[in-house]
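**Student:** Below is the file final_37.pdb, which contains PDB, C-alpha atoms.
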ATOM      1  CA  LEU A   1      -3.293 -32.214  11.279
ATOM      2  CA  ALA A   2      -3.146 -34.909   8.632
ATOM      3  CA  ARG A   3      -5.363 -32.941   6.290
ATOM      4  CA  ARG A   4      -3.467 -29.712   6.812
ATOM      5  CA  PHE A   5       0.128 -30.919   7.072
ATOM      6  CA  GLY A   6       0.019 -34.397   5.548
ATOM      7  CA  VAL A   7       1.797 -37.549   6.620
ATOM      8  CA  ASP A   8       4.664 -35.564   8.117
ATOM      9  CA  SER A   9       2.354 -34.688  11.000
ATOM     10  CA  ALA A  10       2.023 -38.298  12.223
ATOM     11  CA  SER A  11       4.346 -37.795  15.204
ATOM     12  CA  VAL A  12       2.426 -34.680  16.241
ATOM     13  CA  GLN A  13      -0.853 -36.567  15.932
ATOM     14  CA  ASP A  14       0.525 -39.245  18.258
ATOM     15  CA  LYS A  15       1.376 -36.586  20.831
ATOM     16  CA  VAL A  16      -2.114 -35.061  20.654
ATOM     17  CA  GLN A  17      -3.521 -38.455  21.605
ATOM     18  CA  GLN A  18      -1.540 -38.252  24.851
ATOM     19  CA  LEU A  19      -3.605 -35.249  25.938
ATOM     20  CA  THR A  20      -6.421 -36.637  28.057
ATOM     21  CA  ASP A  21      -7.665 -33.546  29.880
ATOM     22  CA  MET A  22     -10.570 -32.054  27.927
ATOM     23  CA  GLU A  23      -9.759 -28.447  28.840
ATOM     24  CA  THR A  24      -6.193 -28.899  27.668
ATOM     25  CA  LEU A  25      -7.323 -30.627  24.510
ATOM     26  CA  ASP A  26      -9.799 -27.841  23.732
ATOM     27  CA  ARG A  27      -7.083 -25.229  24.257
ATOM     28  CA  VAL A  28      -4.649 -27.129  22.034
ATOM     29  CA  LEU A  29      -7.166 -27.645  19.253
ATOM     30  CA  GLU A  30      -8.046 -23.966  19.253
ATOM     31  CA  ARG A  31      -4.378 -23.045  18.976
ATOM     32  CA  LEU A  32      -3.736 -25.678  16.300
ATOM     33  CA  PHE A  33      -6.382 -24.160  14.046
ATOM     34  CA  ALA A  34      -4.237 -21.016  13.956
ATOM     35  CA  ALA A  35      -0.940 -22.843  13.354
ATOM     36  CA  ASN A  36       0.534 -21.945   9.979
ATOM     37  CA  THR A  37       3.309 -24.529   9.894
ATOM     38  CA  LEU A  38       3.904 -28.043  11.142
ATOM     39  CA  GLU A  39       6.726 -26.713  13.306
ATOM     40  CA  GLU A  40       4.332 -24.281  14.959
ATOM     41  CA  ALA A  41       1.889 -27.133  15.591
ATOM     42  CA  ARG A  42       4.694 -29.219  17.127
ATOM     43  CA  ASN A  43       5.626 -26.359  19.432
ATOM     44  CA  ILE A  44       2.032 -25.984  20.602
ATOM     45  CA  ILE A  45       1.807 -29.694  21.441
ATOM     46  CA  TRP A  46       5.197 -29.864  23.172
ATOM     47  CA  GLU A  47       4.348 -26.785  25.227
ATOM     48  CA  GLU A  48       1.098 -28.322  26.426
ATOM     49  CA  LEU A  49       2.658 -31.713  27.121
ATOM     50  CA  SER A  50       5.407 -30.133  29.170
ATOM     51  CA  GLN A  51       2.814 -28.252  31.246
ATOM     52  CA  SER A  52       0.372 -31.110  31.732
ATOM     53  CA  SER A  53       0.646 -34.062  34.010
ATOM     54  CA  TYR A  54      -0.839 -36.567  31.560
TER
END
How would this structure read if it were set down as C-alpha cells?
**Tutor:**
Amino acid sequence: LARRFGVDSASVQDKVQQLTDMETLDRVLERLFAANTLEEARNIIWEELSQSSY
C-alpha cells in the first residue's frame, strides 16, 4: 500500500494490521492487488473489518 499509494495510505495500512485471520488476510491482499485507487483499497479493508470478528 505504501509503495502504491504513498504516505496517504498509512491509515489503511494500520487497518490491515488488525486482520489476524489468515484466510481473511489472503482474501484482502488478493483484492488489494486489483485496487486502482486508495479509496477502493479503503473500501476493501472496511468491508472485511465489518465482516470479521477480529
**Student:** Using the chain letters and numbering of this document, enumerate as a list in words the residues selected by the PyMOL selection byres ((chain A and resi 32-39) around 9).
**Tutor:**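 Applied to this file, the PyMOL selection byres ((chain A and resi 32-39) around 9) selects Leu1, Arg4, Phe5, Asp8, Ser9, Val12, Arg27, Val28, Leu29, Glu30, Arg31, Glu40, Ala41, Arg42, Asn43, Ile44 and Ile45 of chain A.
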**Student:** Please report the interatomic distance between CA of Asp14 in chain A and CA of Asp26 in chain A in Å with one decimal.
**Tutor:**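 So the two atoms, CA of Asp14 in chain A and CA of Asp26 in chain A, lie 16.3 Å apart.
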**Student:** Got a sec to resolve the PyMOL selection byres ((chain A and resi 18) around 12) on this structure and send the residues as a PDB file with C-alpha atoms, in the coordinates of the input?
**Tutor:**
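The file below, part36.pdb, is the result:
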ATOM      1  CA  SER A  11       4.346 -37.795  15.204  1.00  0.00           C
ATOM      2  CA  VAL A  12       2.426 -34.680  16.241  1.00  0.00           C
ATOM      3  CA  GLN A  13      -0.853 -36.567  15.932  1.00  0.00           C
ATOM      4  CA  ASP A  14       0.525 -39.245  18.258  1.00  0.00           C
ATOM      5  CA  LYS A  15       1.376 -36.586  20.831  1.00  0.00           C
ATOM      6  CA  VAL A  16      -2.114 -35.061  20.654  1.00  0.00           C
ATOM      7  CA  GLN A  17      -3.521 -38.455  21.605  1.00  0.00           C
ATOM      8  CA  LEU A  19      -3.605 -35.249  25.938  1.00  0.00           C
ATOM      9  CA  THR A  20      -6.421 -36.637  28.057  1.00  0.00           C
ATOM     10  CA  ASP A  21      -7.665 -33.546  29.880  1.00  0.00           C
ATOM     11  CA  MET A  22     -10.570 -32.054  27.927  1.00  0.00           C
ATOM     12  CA  THR A  24      -6.193 -28.899  27.668  1.00  0.00           C
ATOM     13  CA  LEU A  25      -7.323 -30.627  24.510  1.00  0.00           C
ATOM     14  CA  VAL A  28      -4.649 -27.129  22.034  1.00  0.00           C
ATOM     15  CA  ILE A  45       1.807 -29.694  21.441  1.00  0.00           C
ATOM     16  CA  TRP A  46       5.197 -29.864  23.172  1.00  0.00           C
ATOM     17  CA  GLU A  48       1.098 -28.322  26.426  1.00  0.00           C
ATOM     18  CA  LEU A  49       2.658 -31.713  27.121  1.00  0.00           C
ATOM     19  CA  SER A  50       5.407 -30.133  29.170  1.00  0.00           C
ATOM     20  CA  SER A  52       0.372 -31.110  31.732  1.00  0.00           C
ATOM     21  CA  SER A  53       0.646 -34.062  34.010  1.00  0.00           C
ATOM     22  CA  TYR A  54      -0.839 -36.567  31.560  1.00  0.00           C
TER      23      TYR A  54
END
**Student:** Around all listed atoms of range 15-18 of chain A, padded 3 Å per side, what centre and edge lengths does the axis-aligned box have in Å to one decimal, as AutoDock Vina command-line options?
**Tutor:**
--center_x -1.1 --center_y -36.8 --center_z 22.8 --size_x 10.9 --size_y 9.4 --size_z 10.2
